[in-house]
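Q: Here you go, this is coords33.csv (CSV, C-alpha atoms).
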chain,number,residue,atom,x,y,z
A,19,MET,CA,0.0,0.0,0.0
A,20,LYS,CA,1.1,3.5,-0.8
A,21,LYS,CA,2.1,5.4,2.3
A,22,THR,CA,0.2,8.6,2.9
A,23,ARG,CA,2.2,11.7,3.8
A,24,LYS,CA,1.7,13.1,7.2
A,25,PRO,CA,0.0,16.5,7.2
A,26,GLY,CA,2.6,19.2,7.4
A,27,GLY,CA,5.4,16.7,7.0
A,28,GLY,CA,6.9,18.3,3.9
A,29,ARG,CA,10.0,17.3,2.1
A,30,LYS,CA,13.1,16.7,4.2
A,31,LYS,CA,16.0,18.9,3.4
A,32,LEU,CA,18.9,17.1,1.7
A,33,LYS,CA,21.3,19.2,3.6
A,34,PRO,CA,19.6,20.4,6.8
A,35,GLU,CA,22.8,22.0,8.0
A,36,TYR,CA,22.9,24.3,4.9
A,37,ASP,CA,21.9,27.9,5.6
A,38,ALA,CA,22.0,30.1,2.5
A,39,ARG,CA,21.4,33.3,4.5
A,40,LYS,CA,24.2,32.4,7.0
A,41,ASN,CA,26.6,31.5,4.2
A,42,LEU,CA,25.9,34.8,2.4
A,43,LYS,CA,26.5,36.8,5.5
A,44,GLU,CA,29.8,35.0,6.1
A,45,GLN,CA,30.9,35.6,2.5
A,46,MET,CA,29.9,39.2,2.7
A,47,GLU,CA,31.8,39.8,6.0
A,48,ARG,CA,35.0,38.2,4.6
A,49,ALA,CA,34.7,40.2,1.4
A,50,VAL,CA,34.3,43.5,3.4
A,51,ALA,CA,37.3,42.7,5.6
A,52,LEU,CA,39.5,42.1,2.6
A,53,TYR,CA,38.1,45.2,0.8
A,54,ASP,CA,38.7,47.3,3.9
A,55,SER,CA,42.4,46.2,3.7
A,56,GLU,CA,42.4,47.8,0.2
A,57,MET,CA,42.5,44.6,-1.8
A,58,SER,CA,41.2,44.8,-5.4
A,59,LEU,CA,38.0,43.0,-6.4
A,60,GLN,CA,40.1,40.6,-8.5
A,61,ALA,CA,42.4,39.8,-5.6
A,62,ILE,CA,39.4,39.3,-3.2
A,63,GLY,CA,37.8,37.0,-5.7
A,64,GLU,CA,40.9,34.9,-5.9
A,65,GLU,CA,41.1,34.8,-2.1
A,66,LEU,CA,37.5,33.7,-1.7
A,67,GLY,CA,37.2,31.6,-4.9
A,68,LEU,CA,34.5,34.0,-6.4
A,69,ASN,CA,34.4,36.0,-9.6
A,70,PRO,CA,34.9,39.8,-9.2
A,71,ILE,CA,31.3,40.5,-10.1
A,72,LYS,CA,30.0,38.5,-7.2
A,73,VAL,CA,32.5,40.1,-4.9
A,74,ARG,CA,31.2,43.5,-6.0
A,75,LYS,CA,27.6,42.4,-5.4
A,76,LEU,CA,28.6,41.3,-1.9
A,77,LEU,CA,30.2,44.6,-1.2
A,78,ILE,CA,27.2,46.5,-2.6
A,79,THR,CA,24.9,44.4,-0.3
A,80,ALA,CA,27.1,45.4,2.6
A,81,ASP,CA,26.9,49.0,1.5
A,82,VAL,CA,30.6,49.6,1.4
A,83,TYR,CA,31.2,49.7,-2.4
A,84,GLU,CA,30.5,52.8,-4.5
A,85,SER,CA,31.0,54.0,-8.0
A,86,GLU,CA,29.3,56.3,-10.4
A,87,VAL,CA,27.8,53.4,-12.3
A,88,ALA,CA,26.6,51.7,-9.2
A,89,GLU,CA,25.0,54.9,-7.9
A,90,LYS,CA,23.3,55.6,-11.2
A,91,VAL,CA,21.9,52.0,-11.5
A,92,GLN,CA,20.6,51.9,-8.0
A,93,ALA,CA,19.0,55.3,-8.2
A,94,THR,CA,17.3,54.5,-11.5
A,95,PHE,CA,16.1,51.1,-10.2
A,96,GLN,CA,14.7,52.6,-7.0
A,97,LYS,CA,12.8,55.2,-9.0
A,98,TYR,CA,11.2,52.6,-11.2
A,99,ARG,CA,10.6,50.3,-8.2
A,100,GLU,CA,8.2,52.8,-6.7
A,101,THR,CA,5.6,51.9,-9.3
A,102,GLN,CA,6.9,48.6,-10.8
A,103,ASP,CA,7.6,45.1,-9.6
A,104,TYR,CA,11.2,43.9,-9.2
A,105,LYS,CA,11.6,42.3,-12.6
A,106,THR,CA,9.9,45.1,-14.5
A,107,ALA,CA,12.0,47.7,-12.7
A,108,ILE,CA,15.2,45.8,-13.8
A,109,LEU,CA,14.0,45.8,-17.4
A,110,SER,CA,13.1,49.5,-17.2
A,111,THR,CA,16.5,50.3,-15.7
A,112,ALA,CA,18.3,48.3,-18.4
A,113,ASN,CA,16.5,50.1,-21.2
A,114,THR,CA,17.0,53.5,-19.7
A,115,LEU,CA,20.8,53.1,-19.1
A,116,LYS,CA,21.4,50.9,-22.2
A,117,LEU,CA,22.7,48.0,-20.1
A,118,SER,CA,22.0,44.3,-20.1
A,119,LYS,CA,19.7,42.9,-17.4
A,120,ALA,CA,22.7,41.0,-16.0
A,121,SER,CA,24.7,44.2,-15.6
A,122,VAL,CA,21.8,45.9,-13.8
A,123,THR,CA,21.4,43.0,-11.4
A,124,SER,CA,25.1,42.9,-10.7
A,125,TYR,CA,24.9,46.5,-9.3
A,126,LEU,CA,22.0,45.7,-7.0
A,127,PRO,CA,22.2,44.2,-3.6
A,128,TYR,CA,21.2,40.6,-3.0
A,129,ARG,CA,17.4,40.3,-2.5
A,130,LYS,CA,17.8,37.4,-0.1
A,131,GLY,CA,20.3,37.5,2.6
A,132,VAL,CA,21.7,40.3,4.7
A,133,TYR,CA,21.4,43.9,3.3
A,134,PHE,CA,22.5,46.8,5.4
A,135,PRO,CA,21.1,50.0,3.9
A,136,SER,CA,22.3,53.5,4.9
A,137,THR,CA,19.4,53.7,7.4
A,138,ALA,CA,20.4,50.5,9.3
A,139,GLU,CA,21.4,50.9,13.0
A,140,LYS,CA,25.2,51.0,13.5
A,141,GLY,CA,25.1,47.8,15.5
A,142,LYS,CA,24.0,45.9,12.4
A,143,ILE,CA,26.7,47.0,10.0
A,144,SER,CA,30.3,46.2,9.6
A,145,VAL,CA,33.2,48.5,10.6
A,146,GLY,CA,33.9,49.0,6.9
A,147,ALA,CA,30.3,49.9,6.1
A,148,GLU,CA,30.3,52.4,9.0
A,149,ARG,CA,33.5,54.1,7.8
A,150,GLN,CA,32.1,54.3,4.3
A,151,ARG,CA,28.9,55.8,5.7
A,152,ARG,CA,30.9,58.6,7.3
A,153,TYR,CA,32.9,59.2,4.1
A,154,ARG,CA,29.8,59.4,2.0
A,155,ALA,CA,28.1,61.9,4.5
A,156,MET,CA,31.2,64.1,4.3
A,157,LYS,CA,31.3,63.8,0.5
A,158,ARG,CA,27.7,64.9,0.3
A,159,TRP,CA,28.3,67.9,2.5
A,160,ARG,CA,31.4,69.0,0.6
A,161,ALA,CA,29.5,68.8,-2.7
A,162,ASP,CA,26.5,70.7,-1.2
A,163,PRO,CA,27.4,72.5,2.1
A,164,THR,CA,23.9,72.9,3.5
A,165,GLU,CA,23.0,72.7,7.2
A,166,GLU,CA,21.0,69.5,6.5
A,167,ASN,CA,24.0,67.7,4.9
A,168,PHE,CA,26.3,68.8,7.7
A,169,TRP,CA,23.8,67.4,10.2
A,170,GLY,CA,24.2,64.2,8.2
A,171,VAL,CA,27.9,64.2,8.9
A,172,VAL,CA,27.4,64.8,12.6
A,173,VAL,CA,24.9,61.9,12.8
A,174,ALA,CA,27.3,59.6,10.9
A,175,TYR,CA,30.0,60.2,13.4
A,176,ALA,CA,27.9,59.6,16.5
A,177,GLY,CA,29.7,57.0,18.8
A,178,VAL,CA,33.1,57.7,17.2
A,179,LYS,CA,36.1,58.4,19.5
A,180,PHE,CA,37.5,61.9,19.4
A,181,LYS,CA,40.1,63.8,21.4
A,182,THR,CA,40.1,67.3,22.8
A,183,TYR,CA,42.9,69.9,22.5
A,184,SER,CA,44.5,68.4,25.6
A,185,GLY,CA,44.2,64.8,24.4
A,186,LEU,CA,41.3,63.7,26.5
A,187,PRO,CA,39.1,61.1,24.7
A,188,PHE,CA,35.3,61.6,24.3
A,189,SER,CA,32.4,60.6,22.1
A,190,TYR,CA,28.9,61.8,21.6
A,191,GLU,CA,25.5,60.3,21.0
A,192,ILE,CA,22.3,61.8,19.6
A,193,LYS,CA,19.0,60.7,21.1
A,194,LYS,CA,15.7,60.3,19.3
A,195,GLY,CA,12.5,62.0,20.4
A,196,ARG,CA,9.0,60.5,20.7
A,197,SER,CA,8.5,61.0,16.9
A,198,GLY,CA,11.5,58.8,16.2
A,199,GLU,CA,13.5,61.8,14.8
A,200,TYR,CA,16.8,62.8,16.1
A,201,THR,CA,16.8,65.7,18.5
A,202,LYS,CA,19.2,68.5,17.7
A,203,GLU,CA,21.4,68.0,20.7
A,204,LEU,CA,24.6,66.1,21.2
A,205,TRP,CA,25.3,64.3,24.4
A,206,ILE,CA,29.0,64.3,25.2
A,207,ASP,CA,30.3,61.2,27.0
A,208,ARG,CA,33.2,62.1,29.2
A,209,ARG,CA,34.1,59.7,32.0
A,210,GLU,CA,31.1,59.2,34.3
A,211,LYS,CA,29.3,62.3,33.3
A,212,SER,CA,27.5,63.4,30.1
A,213,LYS,CA,27.2,67.0,28.9
A,214,SER,CA,24.8,68.3,26.3
A,215,LEU,CA,26.0,70.3,23.3
A,216,ALA,CA,23.5,72.4,21.3
A,217,TRP,CA,23.4,72.0,17.6
A,218,SER,CA,23.3,75.8,17.3
A,219,SER,CA,26.7,76.0,19.0
A,220,VAL,CA,28.2,73.6,16.4
A,221,LEU,CA,26.9,75.7,13.6
A,222,LEU,CA,28.2,78.9,15.1
A,223,ALA,CA,31.7,77.4,15.4
A,224,LEU,CA,31.5,76.1,11.8
A,225,LYS,CA,30.9,79.7,10.6
A,226,ASN,CA,33.8,80.9,12.7
A,227,ILE,CA,36.4,78.8,10.9
A,228,LYS,CA,39.0,81.1,9.5
A,229,GLY,CA,42.1,79.6,7.9
A,230,GLU,CA,43.2,76.0,7.7
A,231,VAL,CA,45.2,75.8,11.0
A,232,VAL,CA,43.2,76.6,14.1
A,233,ASP,CA,45.6,77.2,17.0
A,234,ARG,CA,43.2,76.5,19.9
A,235,PRO,CA,39.5,75.9,20.6
A,236,LYS,CA,38.7,79.5,21.6
A,237,ALA,CA,39.7,80.6,18.0
A,238,LEU,CA,36.4,79.1,17.0
A,239,GLY,CA,34.6,81.5,19.3
A,240,ASP,CA,33.6,81.9,23.0
A,241,ILE,CA,31.1,79.0,22.7
A,242,ARG,CA,29.9,76.5,25.3
A,243,GLY,CA,31.5,73.1,24.6
A,244,VAL,CA,33.9,74.5,22.0
A,245,THR,CA,36.7,72.2,23.3
A,246,TYR,CA,34.6,69.2,22.0
A,247,ILE,CA,33.7,71.0,18.8
A,248,TYR,CA,37.4,71.6,18.1
A,249,GLY,CA,38.1,67.8,18.4
A,250,MET,CA,35.1,67.0,16.2
A,251,PHE,CA,36.1,69.4,13.5
A,252,TYR,CA,39.7,68.1,13.5
A,253,ARG,CA,38.5,64.5,13.1
A,254,PHE,CA,36.0,65.6,10.4
A,255,GLY,CA,39.0,67.1,8.5
A,256,LEU,CA,37.5,70.6,8.6
A,257,ILE,CA,40.5,72.2,10.4
A,258,ASP,CA,44.1,71.5,10.9
A,259,VAL,CA,45.9,71.9,14.3
A,260,PRO,CA,49.5,72.8,15.2
A,261,ASP,CA,52.0,70.0,15.1
A,262,LYS,CA,52.5,70.0,18.9
A,263,VAL,CA,48.7,69.5,19.3
A,264,LYS,CA,48.6,66.6,16.8
A,265,GLU,CA,50.9,64.7,19.2
A,266,LYS,CA,48.1,64.8,21.8
A,267,MET,CA,45.1,64.5,19.5
A,268,GLY,CA,46.5,62.0,17.0
A,269,ARG,CA,45.7,62.0,13.3
A,270,PRO,CA,42.2,61.8,11.8
A,271,LYS,CA,41.4,58.3,10.4
A,272,ASP,CA,38.6,59.0,8.1
A,273,ARG,CA,40.1,61.4,5.6
A,274,LYS,CA,40.2,60.3,2.0
A,275,LYS,CA,42.0,62.2,-0.7
Represent the structure of the file as structure tokens.

A:
Amino acid sequence: MKKTRKPGGGRKKLKPEYDARKNLKEQMERAVALYDSEMSLQAIGEELGLNPIKVRKLLITADVYESEVAEKVQATFQKYRETQDYKTAILSTANTLKLSKASVTSYLPYRKGVYFPSTAEKGKISVGAERQRRYRAMKRWRADPTEENFWGVVVAYAGVKFKTYSGLPFSYEIKKGRSGEYTKELWIDRREKSKSLAWSSVLLALKNIKGEVVDRPKALGDIRGVTYIYGMFYRFGLIDVPDKVKEKMGRPKDRKK
């Protein structure tokens, strides 16, 4: 007699230990680590046994890879995606940019797996992705120096370690209000106490930058919390400091030429 299948039994997995999502995440993390060490896509592919196109797609999924083509493809695709399904949006993007469907897909993140968009919480993204996020925020502000874009820089650097003029380490956090939006106030973490720093003070100091080298915090103005703003601006790459001060403050890590 033919055996009847038990309700809900389903088909057994041939490889129950196989987890595509987990494997993709591990591949992505390894690719990001190698990319962060300034290896080329070709070299990373050879190291991981993958072709460079897949390496690039992994890095795009992790939000650490950028190029003019990638940005144009993703922006065009997202525009069509607002009114079209996934496959149709790919076709529309390909037709608009005169690319093949395969090329368009290669510049988009993996649909299944782990994707860390620019809005993801910092705890969910890699160190490389976090550094890239800061770089992109600064790039946007330099291209269009609006208050909104500078606020984007400040938000991107929340939690990063800075040093004051005298070499004391500090960081800041930005809290969210009931609406879920960030409040325009920075909370400076120094030892066991926290101090608030008003956004208006940061903007005032920004307007007071005169010349590349700023000798001391007070040169930015008689502003509450200016010693912290001085450290922030130096790390942002907005000002330079005297050589003797660099010995205490160290050198900024996020500047890219």

Q: Could you give me, as a PyMOL selection string, the residues within 10 Å of A:Ala216, counting all atoms listed in the file and dropping anything in the same chain fewer than 4 positions from it?

A: chain A and resi 201-205+220-221+242-243

Q: Expressed in Å to a single decimal, how great is the separation between atom CA of A:Lys179 and atom CA of A:Glu230?

A: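 Straight-line distance from atom CA of A:Lys179 to atom CA of A:Glu230 works out to 22.3 Å.
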
Q: Within 12 Å of stretch 113-130 of chain A, counting all atoms listed in the file, which residues qualify if same-chain residues fewer than 5 places away don't, as a ChimeraX atom specification?

A: /A:37-43,46,69-98,104-108,135

Q: Between A:Ala61, A:Ile247, A:Leu215, A:Leu68, which is the closest to A:Pro235 once you count all atoms listed in the file?

A: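 Closest candidate: A:Ile247.
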
Q: Quick one: everything within 7 Å of stretch 261-267 of chain A, counting only C-alpha atoms, minus sequence neighbours fewer than 6 positions away in the same chain. Send it as a VMD selection string.

A: chain A and resid 181 to 185

Q: May I ask which of the residues A:Trp169, A:Phe180, A:Tyr53, A:Tyr190 is the closest one to A:Gln150, counting all atoms listed in the file?

A: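 So, comparing all the options, the nearest one is A:Tyr53.
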
Q: Could you state the separation of atom CA of A:Val171 and atom CA of A:Met156 in Å, given to one decimal place?

A: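 Here the two named atoms are 5.7 Å from each other.
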
Q: When you draw a straight line from atom CA of A:Lys213 to atom CA of A:Glu191, how long is it in Å?

A: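 So the answer is 10.5 Å.
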
Q: If you count all atoms listed in the file, which residues fall within 8 Å of A:Val259, apart from same-chain ones fewer than 5 positions away, as a ChimeraX atom specification?

A: /A:231-234,252,264

Q: Point out the residue among A:Ala112, A:Leu186, A:Ile227, A:Leu256 with the least atom-to-atom distance to A:Phe168, counting only C-alpha atoms.

A: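 Once distances to A:Phe168 are computed over only C-alpha atoms, the minimum belongs to A:Leu256.
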